[in-house]
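Trainee: Got target29.cif for you, mmCIF, C-alpha atoms:
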data_model
#
loop_
_atom_site.group_PDB
_atom_site.id
_atom_site.type_symbol
_atom_site.label_atom_id
_atom_site.label_comp_id
_atom_site.auth_asym_id
_atom_site.auth_seq_id
_atom_site.Cartn_x
_atom_site.Cartn_y
_atom_site.Cartn_z
ATOM 1 C CA MET A 1 -13.362 8.215 -16.517
ATOM 2 C CA ASN A 2 -15.167 8.213 -13.198
ATOM 3 C CA TYR A 3 -12.332 9.665 -11.147
ATOM 4 C CA GLN A 4 -9.289 11.888 -11.380
ATOM 5 C CA LEU A 5 -5.972 10.517 -10.197
ATOM 6 C CA GLU A 6 -2.768 12.477 -9.729
ATOM 7 C CA THR A 7 0.222 10.277 -8.882
ATOM 8 C CA HIS A 8 3.890 11.122 -8.459
ATOM 9 C CA SER A 9 6.741 8.648 -8.184
ATOM 10 C CA VAL A 10 9.465 9.840 -5.841
ATOM 11 C CA PRO A 11 13.106 9.171 -6.809
ATOM 12 C CA GLY A 12 15.375 7.357 -4.398
ATOM 13 C CA SER A 13 15.500 3.811 -3.102
ATOM 14 C CA GLY A 14 17.295 1.629 -0.624
ATOM 15 C CA GLU A 15 16.674 0.341 2.853
ATOM 16 C CA ARG A 16 16.555 3.676 4.612
ATOM 17 C CA SER A 17 14.368 4.310 7.646
ATOM 18 C CA LEU A 18 11.613 5.793 5.458
ATOM 19 C CA VAL A 19 11.328 5.769 1.658
ATOM 20 C CA ILE A 20 8.334 7.380 -0.030
ATOM 21 C CA LEU A 21 7.584 5.469 -3.219
ATOM 22 C CA THR A 22 4.505 7.293 -4.514
ATOM 23 C CA CYS A 23 2.193 10.074 -3.441
ATOM 24 C CA GLY A 24 -0.814 11.665 -5.085
ATOM 25 C CA ARG A 25 -4.341 12.985 -4.968
ATOM 26 C CA GLN A 26 -7.497 11.202 -6.055
ATOM 27 C CA VAL A 27 -10.933 12.659 -6.729
ATOM 28 C CA ALA A 28 -13.190 9.620 -6.839
ATOM 29 C CA GLY A 29 -16.411 9.196 -8.763
ATOM 30 C CA LYS A 30 -19.626 8.199 -7.034
ATOM 31 C CA GLY A 31 -19.321 4.655 -5.718
ATOM 32 C CA HIS A 32 -15.838 4.183 -7.177
ATOM 33 C CA MET A 33 -14.335 1.079 -5.598
ATOM 34 C CA ALA A 34 -10.834 -0.304 -5.164
ATOM 35 C CA PRO A 35 -11.405 -4.092 -4.983
ATOM 36 C CA MET A 36 -10.004 -6.280 -2.226
ATOM 37 C CA ARG A 37 -6.327 -7.052 -2.740
ATOM 38 C CA VAL A 38 -3.080 -7.483 -0.820
ATOM 39 C CA TYR A 39 -0.795 -4.442 -0.712
ATOM 40 C CA PRO A 40 3.015 -4.899 -0.786
ATOM 41 C CA ASN A 41 3.875 -1.595 0.943
ATOM 42 C CA TYR A 42 2.564 0.741 3.612
ATOM 43 C CA SER A 43 0.115 3.475 2.692
ATOM 44 C CA LEU A 44 -1.590 6.344 4.511
ATOM 45 C CA THR A 45 -4.670 8.012 3.059
ATOM 46 C CA PHE A 46 -5.896 11.445 4.197
ATOM 47 C CA VAL A 47 -9.530 12.179 3.231
ATOM 48 C CA LEU A 48 -9.989 15.878 2.433
ATOM 49 C CA LYS A 49 -13.618 15.895 1.283
ATOM 50 C CA GLY A 50 -16.569 13.520 1.090
ATOM 51 C CA ARG A 51 -16.699 10.072 2.627
ATOM 52 C CA GLY A 52 -16.427 6.365 1.914
ATOM 53 C CA VAL A 53 -15.970 2.914 3.398
ATOM 54 C CA TYR A 54 -12.657 1.224 4.139
ATOM 55 C CA GLN A 55 -12.488 -2.535 4.710
ATOM 56 C CA VAL A 56 -9.470 -4.410 6.049
ATOM 57 C CA ASN A 57 -9.935 -8.163 6.344
ATOM 58 C CA ASP A 58 -13.367 -8.555 8.016
ATOM 59 C CA LYS A 59 -13.627 -5.054 9.530
ATOM 60 C CA ARG A 60 -15.378 -2.099 7.899
ATOM 61 C CA TYR A 61 -14.891 1.570 8.769
ATOM 62 C CA THR A 62 -16.853 4.607 7.631
ATOM 63 C CA ILE A 63 -14.335 7.321 6.741
ATOM 64 C CA GLU A 64 -15.295 10.979 6.478
ATOM 65 C CA ALA A 65 -13.483 14.216 5.643
ATOM 66 C CA GLY A 66 -10.828 14.926 8.257
ATOM 67 C CA MET A 67 -10.142 11.230 8.778
ATOM 68 C CA GLY A 68 -7.625 8.823 7.301
ATOM 69 C CA PHE A 69 -6.634 5.176 7.242
ATOM 70 C CA LEU A 70 -3.585 2.944 7.167
ATOM 71 C CA ILE A 71 -2.980 0.179 4.672
ATOM 72 C CA GLU A 72 -0.359 -2.012 6.302
ATOM 73 C CA LYS A 73 2.158 -3.960 4.293
ATOM 74 C CA GLY A 74 0.773 -7.412 3.484
ATOM 75 C CA SER A 75 -2.810 -6.617 4.525
ATOM 76 C CA SER A 76 -5.845 -7.354 2.353
ATOM 77 C CA VAL A 77 -8.019 -4.259 1.962
ATOM 78 C CA SER A 78 -10.637 -2.597 -0.205
ATOM 79 C CA TYR A 79 -12.271 0.818 -0.137
ATOM 80 C CA LYS A 80 -15.232 2.478 -1.814
ATOM 81 C CA ALA A 81 -16.338 6.081 -2.287
ATOM 82 C CA ASP A 82 -19.777 7.105 -1.081
ATOM 83 C CA GLU A 83 -22.578 7.108 -3.664
ATOM 84 C CA GLU A 84 -23.686 10.655 -2.765
ATOM 85 C CA GLU A 85 -20.565 12.347 -1.393
ATOM 86 C CA PRO A 86 -17.547 10.623 -2.980
ATOM 87 C CA TRP A 87 -14.257 11.362 -1.346
ATOM 88 C CA GLU A 88 -11.189 13.272 -2.380
ATOM 89 C CA TYR A 89 -7.975 12.222 -0.694
ATOM 90 C CA ILE A 90 -4.202 12.444 -0.642
ATOM 91 C CA PHE A 91 -2.303 9.178 -0.351
ATOM 92 C CA VAL A 92 1.313 8.287 0.398
ATOM 93 C CA ILE A 93 2.836 4.874 -0.322
ATOM 94 C CA PHE A 94 6.066 4.156 1.531
ATOM 95 C CA LYS A 95 8.426 1.538 2.927
ATOM 96 C CA GLY A 96 11.434 1.440 5.248
ATOM 97 C CA LEU A 97 13.019 -0.102 8.298
ATOM 98 C CA GLU A 98 11.329 2.257 10.768
ATOM 99 C CA CYS A 99 7.794 2.282 9.336
ATOM 100 C CA ARG A 100 6.211 0.403 12.241
ATOM 101 C CA ALA A 101 7.910 2.641 14.790
ATOM 102 C CA ILE A 102 6.827 5.797 12.956
ATOM 103 C CA LEU A 103 3.232 4.575 12.697
ATOM 104 C CA GLY A 104 3.295 3.614 16.361
ATOM 105 C CA ASP A 105 4.286 7.173 17.238
ATOM 106 C CA ILE A 106 1.121 8.527 15.603
ATOM 107 C CA GLY A 107 -1.084 5.812 17.101
ATOM 108 C CA VAL A 108 -2.074 3.816 14.022
ATOM 109 C CA SER A 109 -1.619 0.084 13.549
ATOM 110 C CA THR A 110 -3.373 -3.048 12.302
ATOM 111 C CA VAL A 111 -5.557 -2.976 15.423
ATOM 112 C CA SER A 112 -6.320 0.755 15.090
ATOM 113 C CA PRO A 113 -5.924 1.611 11.373
ATOM 114 C CA VAL A 114 -8.097 4.731 11.298
ATOM 115 C CA PHE A 115 -7.101 8.180 12.530
ATOM 116 C CA CYS A 116 -8.540 11.687 12.671
ATOM 117 C CA PHE A 117 -6.840 14.944 11.687
ATOM 118 C CA GLY A 118 -9.964 17.122 11.597
ATOM 119 C CA ASP A 119 -9.505 20.565 10.090
ATOM 120 C CA ASP A 120 -5.790 20.799 10.874
ATOM 121 C CA GLU A 121 -4.690 23.354 8.266
ATOM 122 C CA LYS A 122 -0.987 22.899 8.984
ATOM 123 C CA LEU A 123 -1.249 19.162 8.322
ATOM 124 C CA ARG A 124 -3.086 19.786 5.061
ATOM 125 C CA GLU A 125 -0.527 22.423 4.079
ATOM 126 C CA SER A 126 2.309 19.956 4.648
ATOM 127 C CA LEU A 127 0.587 17.384 2.442
ATOM 128 C CA GLU A 128 0.079 19.952 -0.316
ATOM 129 C CA LYS A 129 3.759 20.952 -0.141
ATOM 130 C CA MET A 130 4.680 17.278 -0.367
ATOM 131 C CA LEU A 131 2.698 16.942 -3.610
ATOM 132 C CA ILE A 132 4.216 20.126 -5.037
ATOM 133 C CA SER A 133 7.732 18.873 -4.285
ATOM 134 C CA ALA A 134 6.976 15.538 -5.930
ATOM 135 C CA ARG A 135 5.259 17.103 -8.961
ATOM 136 C CA THR A 136 7.614 19.941 -9.857
ATOM 137 C CA GLY A 137 10.903 18.240 -9.160
ATOM 138 C CA LEU A 138 12.190 21.476 -7.661
ATOM 139 C CA SER A 139 12.970 19.710 -4.404
ATOM 140 C CA SER A 140 14.732 16.470 -3.647
ATOM 141 C CA ALA A 141 13.123 13.287 -2.365
ATOM 142 C CA TYR A 142 14.258 14.413 1.059
ATOM 143 C CA ALA A 143 11.955 17.455 0.842
ATOM 144 C CA VAL A 144 9.009 15.197 -0.012
ATOM 145 C CA THR A 145 9.835 13.051 2.995
ATOM 146 C CA ALA A 146 10.267 16.113 5.220
ATOM 147 C CA HIS A 147 6.822 17.470 4.353
ATOM 148 C CA PHE A 148 5.284 14.042 4.943
ATOM 149 C CA LEU A 149 6.946 13.792 8.355
ATOM 150 C CA MET A 150 5.726 17.287 9.203
ATOM 151 C CA ALA A 151 2.179 16.125 8.467
ATOM 152 C CA LEU A 152 2.670 13.054 10.660
ATOM 153 C CA SER A 153 4.026 15.208 13.471
ATOM 154 C CA ARG A 154 0.611 16.898 13.632
ATOM 155 C CA LEU A 155 -0.949 13.522 14.459
ATOM 156 C CA THR A 156 1.377 12.770 17.340
ATOM 157 C CA SER A 157 -0.286 13.089 20.745
ATOM 158 C CA GLY A 158 0.839 12.426 24.288
ATOM 159 C CA ASN A 159 0.547 9.005 25.861
ATOM 160 C CA ARG A 160 -2.617 8.285 27.801
ATOM 161 C CA SER A 161 -3.175 5.597 30.334
ATOM 162 C CA PRO A 162 -5.276 2.655 29.064
ATOM 163 C CA ASP A 163 -6.901 2.599 32.480
ATOM 164 C CA ASN A 164 -8.722 5.831 31.636
ATOM 165 C CA ARG A 165 -10.298 4.573 28.414
ATOM 166 C CA GLU A 166 -13.373 3.042 30.031
ATOM 167 C CA ARG A 167 -13.944 6.174 32.107
ATOM 168 C CA TYR A 168 -13.631 8.414 29.052
ATOM 169 C CA ILE A 169 -16.164 6.319 27.140
ATOM 170 C CA GLU A 170 -18.634 6.303 30.046
ATOM 171 C CA GLU A 171 -18.347 10.070 30.480
ATOM 172 C CA ALA A 172 -18.751 10.621 26.740
ATOM 173 C CA ILE A 173 -21.938 8.525 26.609
ATOM 174 C CA VAL A 174 -23.468 10.346 29.586
ATOM 175 C CA PHE A 175 -22.566 13.694 28.023
ATOM 176 C CA ILE A 176 -24.152 12.666 24.708
ATOM 177 C CA GLU A 177 -27.344 11.453 26.366
ATOM 178 C CA ASN A 178 -27.663 14.653 28.396
ATOM 179 C CA ASN A 179 -26.961 16.990 25.483
ATOM 180 C CA ALA A 180 -28.205 15.197 22.354
ATOM 181 C CA SER A 181 -31.057 17.685 21.947
ATOM 182 C CA CYS A 182 -28.553 20.554 21.747
ATOM 183 C CA SER A 183 -26.345 21.526 18.845
ATOM 184 C CA LEU A 184 -23.674 19.137 20.097
ATOM 185 C CA SER A 185 -20.456 18.515 18.155
ATOM 186 C CA VAL A 186 -17.658 15.960 18.442
ATOM 187 C CA GLU A 187 -15.277 18.779 19.323
ATOM 188 C CA GLU A 188 -17.456 19.727 22.304
ATOM 189 C CA ILE A 189 -17.477 16.114 23.530
ATOM 190 C CA ALA A 190 -13.675 15.970 23.328
ATOM 191 C CA GLU A 191 -13.351 19.337 25.089
ATOM 192 C CA HIS A 192 -15.672 18.153 27.864
ATOM 193 C CA LEU A 193 -13.396 15.151 28.441
ATOM 194 C CA HIS A 194 -10.203 17.248 28.064
ATOM 195 C CA ILE A 195 -8.863 14.963 25.332
ATOM 196 C CA ASP A 196 -8.179 15.589 21.652
ATOM 197 C CA ARG A 197 -10.606 14.608 18.919
ATOM 198 C CA SER A 198 -8.340 11.960 17.369
ATOM 199 C CA TYR A 199 -8.046 10.130 20.697
ATOM 200 C CA LEU A 200 -11.819 10.300 21.205
ATOM 201 C CA TYR A 201 -12.223 8.794 17.757
ATOM 202 C CA ARG A 202 -9.911 5.885 18.573
ATOM 203 C CA LEU A 203 -11.779 5.224 21.825
ATOM 204 C CA PHE A 204 -15.127 4.929 20.044
ATOM 205 C CA MET A 205 -13.732 2.797 17.233
ATOM 206 C CA GLU A 206 -12.220 0.384 19.756
ATOM 207 C CA ALA A 207 -15.364 0.257 21.901
ATOM 208 C CA TYR A 208 -18.162 0.372 19.296
ATOM 209 C CA GLY A 209 -16.610 0.143 15.836
ATOM 210 C CA VAL A 210 -18.038 3.542 14.838
ATOM 211 C CA SER A 211 -16.820 7.129 15.059
ATOM 212 C CA PRO A 212 -18.173 9.402 17.825
ATOM 213 C CA LYS A 213 -19.917 11.421 15.101
ATOM 214 C CA ARG A 214 -21.702 8.309 13.881
ATOM 215 C CA TYR A 215 -22.533 7.213 17.430
ATOM 216 C CA LEU A 216 -24.072 10.634 18.115
ATOM 217 C CA LEU A 217 -26.141 10.431 14.921
ATOM 218 C CA GLU A 218 -27.344 6.907 15.713
ATOM 219 C CA TYR A 219 -28.306 7.935 19.244
ATOM 220 C CA ARG A 220 -30.275 10.917 17.948
ATOM 221 C CA LEU A 221 -32.091 8.753 15.410
ATOM 222 C CA SER A 222 -32.993 6.193 18.085
ATOM 223 C CA LEU A 223 -34.259 9.019 20.283
ATOM 224 C CA ALA A 224 -36.310 10.367 17.389
ATOM 225 C CA ALA A 225 -37.868 6.934 16.773
ATOM 226 C CA ALA A 226 -38.873 6.709 20.443
ATOM 227 C CA LEU A 227 -40.413 10.190 20.331
ATOM 228 C CA LEU A 228 -42.325 9.415 17.138
ATOM 229 C CA ARG A 229 -44.285 6.737 18.986
ATOM 230 C CA ASP A 230 -46.046 9.556 20.836
ATOM 231 C CA PRO A 231 -48.777 10.800 18.458
ATOM 232 C CA GLN A 232 -49.044 14.067 20.391
ATOM 233 C CA CYS A 233 -45.470 15.028 19.511
ATOM 234 C CA HIS A 234 -45.300 16.851 16.162
ATOM 235 C CA ILE A 235 -42.546 15.786 13.771
ATOM 236 C CA GLU A 236 -40.919 19.239 13.968
ATOM 237 C CA GLU A 237 -40.825 18.863 17.743
ATOM 238 C CA VAL A 238 -39.402 15.349 17.445
ATOM 239 C CA ALA A 239 -36.593 16.600 15.205
ATOM 240 C CA GLU A 240 -35.735 19.430 17.586
ATOM 241 C CA LYS A 241 -35.788 17.250 20.712
ATOM 242 C CA ALA A 242 -33.506 14.759 18.963
ATOM 243 C CA GLY A 243 -30.998 17.456 18.063
ATOM 244 C CA PHE A 244 -31.909 17.931 14.389
ATOM 245 C CA PHE A 245 -32.365 21.589 13.506
ATOM 246 C CA ASP A 246 -32.507 21.017 9.753
ATOM 247 C CA ARG A 247 -35.737 19.245 8.770
ATOM 248 C CA ALA A 248 -34.323 18.025 5.451
ATOM 249 C CA HIS A 249 -31.275 16.521 7.152
ATOM 250 C CA PHE A 250 -33.493 14.826 9.741
ATOM 251 C CA THR A 251 -35.767 13.310 7.090
ATOM 252 C CA HIS A 252 -32.830 12.087 5.002
ATOM 253 C CA ALA A 253 -30.945 10.564 7.946
ATOM 254 C CA PHE A 254 -34.060 8.937 9.408
ATOM 255 C CA THR A 255 -35.110 7.477 6.058
ATOM 256 C CA GLU A 256 -31.608 6.136 5.442
ATOM 257 C CA LYS A 257 -31.636 4.297 8.781
ATOM 258 C CA TYR A 258 -35.250 3.100 9.032
ATOM 259 C CA GLY A 259 -36.248 2.818 5.382
ATOM 260 C CA LEU A 260 -39.196 5.218 5.722
ATOM 261 C CA PRO A 261 -39.551 8.970 6.266
ATOM 262 C CA PRO A 262 -40.595 9.959 9.816
ATOM 263 C CA GLY A 263 -44.284 10.481 9.006
ATOM 264 C CA LYS A 264 -44.785 7.102 7.332
ATOM 265 C CA TRP A 265 -42.659 5.338 9.974
ATOM 266 C CA ARG A 266 -44.938 6.792 12.657
ATOM 267 C CA GLN A 267 -48.044 5.518 10.860
ATOM 268 C CA ARG A 268 -46.680 1.974 10.923
ATOM 269 C CA ASN A 269 -45.160 2.009 14.408
ATOM 270 C CA ALA A 270 -47.129 4.423 16.595
#
Take the structure in the file and give it back as structure tokens.
Mentor:
Amino acid sequence: MNYQLETHSVPGSGERSLVILTCGRQVAGKGHMAPMRVYPNYSLTFVLKGRGVYQVNDKRYTIEAGMGFLIEKGSSVSYKADEEEPWEYIFVIFKGLECRAILGDIGVSTVSPVFCFGDDEKLRESLEKMLISARTGLSSAYAVTAHFLMALSRLTSGNRSPDNRERYIEEAIVFIENNASCSLSVEEIAEHLHIDRSYLYRLFMEAYGVSPKRYLLEYRLSLAAALLRDPQCHIEEVAEKAGFFDRAHFTHAFTEKYGLPPGKWRQRNA
């Protein structure tokens, strides 16, 4: 078996506002894939470790630890664990009359199916309590639902004017370009803009189709490639100027993007 799957059916049915059908935890094997198919109910997946790719219709999203994704009722989706760092996640399958309204409150939809919860320990704790309630049977289905709603409440953020989105993106790009050589994090970008990380993530996904973390990495790699064209700039210096302070990480990331390690790429392109 290339993955471990823990699933719990939750008792209770009917057309209530929210009915949790199943919840569980999955530890996927390297490259484990759920093939494209249509899902009959709503589902939210919270990635705890590792990473993978989520595809809905013709759109693909790279999902990392601290991120999650929505499978909307009736949508055709597939997802695949990373070959090197396969993911571990908690999932919740649900239905109900108020599902769309609840999802709207946390800012996820067909247009924006990916969200970020970062290292929110309280959210993770609520998810763990949800699984315990479902597994042990010591609590009713209402307790499972309550813990799930507590987790969702951690995702709820205040409304922001759409008119500010373009300004936020422009400021984020300038900040990245001016600070890429530093030990810059996504949290620092969000703090600079005075917005939360999950909102910053949604802005970048809407504008570029990638997370701010991925955008930052791609910018650093492009900067490194430009610096490598200068034969007087040592590779260690290139890595540092591009914001890579771990030589092994730099070599791996550069090779993954350009197909050659920095030294050989320079020989062919300098």
Trainee: On this structure, the PyMOL selection byres ((chain A and resi 198) around 10) would catch which residues? List them as a PyMOL selection string, sorted by chain and number.
Mentor: chain A and resi 66-67+107+114-118+155-157+187+190+195-197+199-203
Trainee: Which one of A:Leu216, A:Leu149, A:Leu123, A:Ala134 sits closest to Val174 of chain A if you count all atoms listed in the file?
Mentor: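 With all atoms listed in the file as the atom set, the closest residue is A:Leu216.
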Trainee: Could you check which of A:Ser183, A:Ser112, A:Ser17, A:Ser78 is closest to Ala207 of chain A, using only C-alpha atoms?
Mentor: A:Ser112
Trainee: Report as number ranges by chain all protein, DNA and RNA residues lying within 10 Å of Leu227 of chain A, evaluated on only C-alpha atoms, omitting residues in the same chain fewer than 5 positions from it.
Mentor: A: 221-222, 232-235, 237-239, 241-242, 266, 270
Trainee: Env of Pro35 of chain A: 10 Å cut, atoms = only C-alpha atoms, seq-sep filter 2 positions within chain, self excluded. Answer as a ChimeraX atom specification.
Mentor: /A:32-33,37-38,55,76-80
Trainee: For Tyr215 of chain A, list every protein, DNA or RNA residue within 12 Å, evaluated using all atoms listed in the file, and leave out those in the same chain fewer than 5 positions away; present the list as a list in words.
Mentor: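 My reading of the contact set: Thr62, Ile169, Ala172, Ile173, Ile176, Glu177, Ala180, Ser185, Val186, Ile189, Leu200, Tyr201, Leu203, Phe204, Met205, Ala207, Tyr208, Gly209, Val210, Arg220, Leu221 and Ser222 of chain A.
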Trainee: May I ask which of the residues A:Glu240, A:Asp58, A:Glu72, A:Glu256 is the closest one to Ala224 of chain A, counting all atoms listed in the file?
Mentor: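 The shortest atom-to-atom distance to Ala224 of chain A comes from A:Glu240.
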Trainee: Go through A:Phe148, A:Tyr142, A:Phe254, A:Phe245 and flag the residue nearest Met130 of chain A, using only C-alpha atoms for the distances.
Mentor: A:Phe148
Trainee: Can you tell me how far atom CA of Val27 of chain A sits from atom CA of Ile90 of chain A, in Å to one decimal?
Mentor: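 Between these atoms lies a distance of 9.1 Å.
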Trainee: Give as a compact mmCIF listing (two decimals) with C-alpha atoms, in the frame of the given file each residue that has an atom at most 6 Å from (-7.2, -3.6, 10.9) in the file, counting only C-alpha atoms.
Mentor:
# COMPACT_ATOMS: atom_id res chain seq x y z
CA VAL A 56 -9.47 -4.41 6.05
CA THR A 110 -3.37 -3.05 12.30
CA VAL A 111 -5.56 -2.98 15.42
CA PRO A 113 -5.92 1.61 11.37
Trainee: Identify, on the basis of all atoms listed in the file, every residue whose closest approach to Ala146 of chain A does not exceed 10 Å; exclude the query and any residue fewer than 4 positions from it along the same chain; express the result as a list in words.
Mentor: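 The filter keeps Ser126, Lys129, Met130, Ser140, Ala141, Tyr142, Met150, Ala151 and Leu152 of chain A.
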Trainee: Selected by the PyMOL selection byres ((chain A and resi 43) around 6) in the shown coordinates: which residues, as a list in words?
Mentor: Tyr42, Leu44, Leu70, Ile71, Val92 and Ile93 of chain A
Trainee: Emit as lines of an AutoDock Vina configuration file the padded axis-aligned box for all listed atoms of segment 70-88 of chain A, 8 Å per side, with centre and edge lengths in Å to one decimal.
Mentor:
center_x = -10.8
center_y = 2.9
center_z = 1.8
size_x = 41.8
size_y = 36.7
size_z = 26.8
Trainee: I'd like the contact shell of Pro86 of chain A - 12 Å cut-off, all atoms listed in the file, skipping same-chain residues fewer than 2 positions apart - returned as a list in words.
Mentor: Asn2, Tyr3, Gln4, Gln26, Val27, Ala28, Gly29, Lys30, Gly31, His32, Met33, Val47, Leu48, Lys49, Gly50, Arg51, Gly52, Val53, Ile63, Glu64, Ala65, Tyr79, Lys80, Ala81, Asp82, Glu83, Glu84, Glu88 and Tyr89 of chain A
Trainee: Can you write just those residues out, C-alpha atoms, as a PDB file, in the frame of the given file?
Mentor:
ATOM      1  CA  ASN A   2     -15.167   8.213 -13.198  1.00  0.00           C
ATOM      2  CA  TYR A   3     -12.332   9.665 -11.147  1.00  0.00           C
ATOM      3  CA  GLN A   4      -9.289  11.888 -11.380  1.00  0.00           C
ATOM      4  CA  GLN A  26      -7.497  11.202  -6.055  1.00  0.00           C
ATOM      5  CA  VAL A  27     -10.933  12.659  -6.729  1.00  0.00           C
ATOM      6  CA  ALA A  28     -13.190   9.620  -6.839  1.00  0.00           C
ATOM      7  CA  GLY A  29     -16.411   9.196  -8.763  1.00  0.00           C
ATOM      8  CA  LYS A  30     -19.626   8.199  -7.034  1.00  0.00           C
ATOM      9  CA  GLY A  31     -19.321   4.655  -5.718  1.00  0.00           C
ATOM     10  CA  HIS A  32     -15.838   4.183  -7.177  1.00  0.00           C
ATOM     11  CA  MET A  33     -14.335   1.079  -5.598  1.00  0.00           C
ATOM     12  CA  VAL A  47      -9.530  12.179   3.231  1.00  0.00           C
ATOM     13  CA  LEU A  48      -9.989  15.878   2.433  1.00  0.00           C
ATOM     14  CA  LYS A  49     -13.618  15.895   1.283  1.00  0.00           C
ATOM     15  CA  GLY A  50     -16.569  13.520   1.090  1.00  0.00           C
ATOM     16  CA  ARG A  51     -16.699  10.072   2.627  1.00  0.00           C
ATOM     17  CA  GLY A  52     -16.427   6.365   1.914  1.00  0.00           C
ATOM     18  CA  VAL A  53     -15.970   2.914   3.398  1.00  0.00           C
ATOM     19  CA  ILE A  63     -14.335   7.321   6.741  1.00  0.00           C
ATOM     20  CA  GLU A  64     -15.295  10.979   6.478  1.00  0.00           C
ATOM     21  CA  ALA A  65     -13.483  14.216   5.643  1.00  0.00           C
ATOM     22  CA  TYR A  79     -12.271   0.818  -0.137  1.00  0.00           C
ATOM     23  CA  LYS A  80     -15.232   2.478  -1.814  1.00  0.00           C
ATOM     24  CA  ALA A  81     -16.338   6.081  -2.287  1.00  0.00           C
ATOM     25  CA  ASP A  82     -19.777   7.105  -1.081  1.00  0.00           C
ATOM     26  CA  GLU A  83     -22.578   7.108  -3.664  1.00  0.00           C
ATOM     27  CA  GLU A  84     -23.686  10.655  -2.765  1.00  0.00           C
ATOM     28  CA  GLU A  88     -11.189  13.272  -2.380  1.00  0.00           C
ATOM     29  CA  TYR A  89      -7.975  12.222  -0.694  1.00  0.00           C
TER      30      TYR A  89
END
Trainee: Mind pulling up the distance from atom CA of Gly24 of chain A to atom CA of Thr136 of chain A?
Mentor: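 Going from atom CA of Thr136 of chain A over to atom CA of Gly24 of chain A covers 12.7 Å.
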Trainee: Of the residues A:Lys122, A:Arg25, A:Gly243, A:Leu18, which is the one nearest to Asn179 of chain A, using only C-alpha atoms?
Mentor: A:Gly243
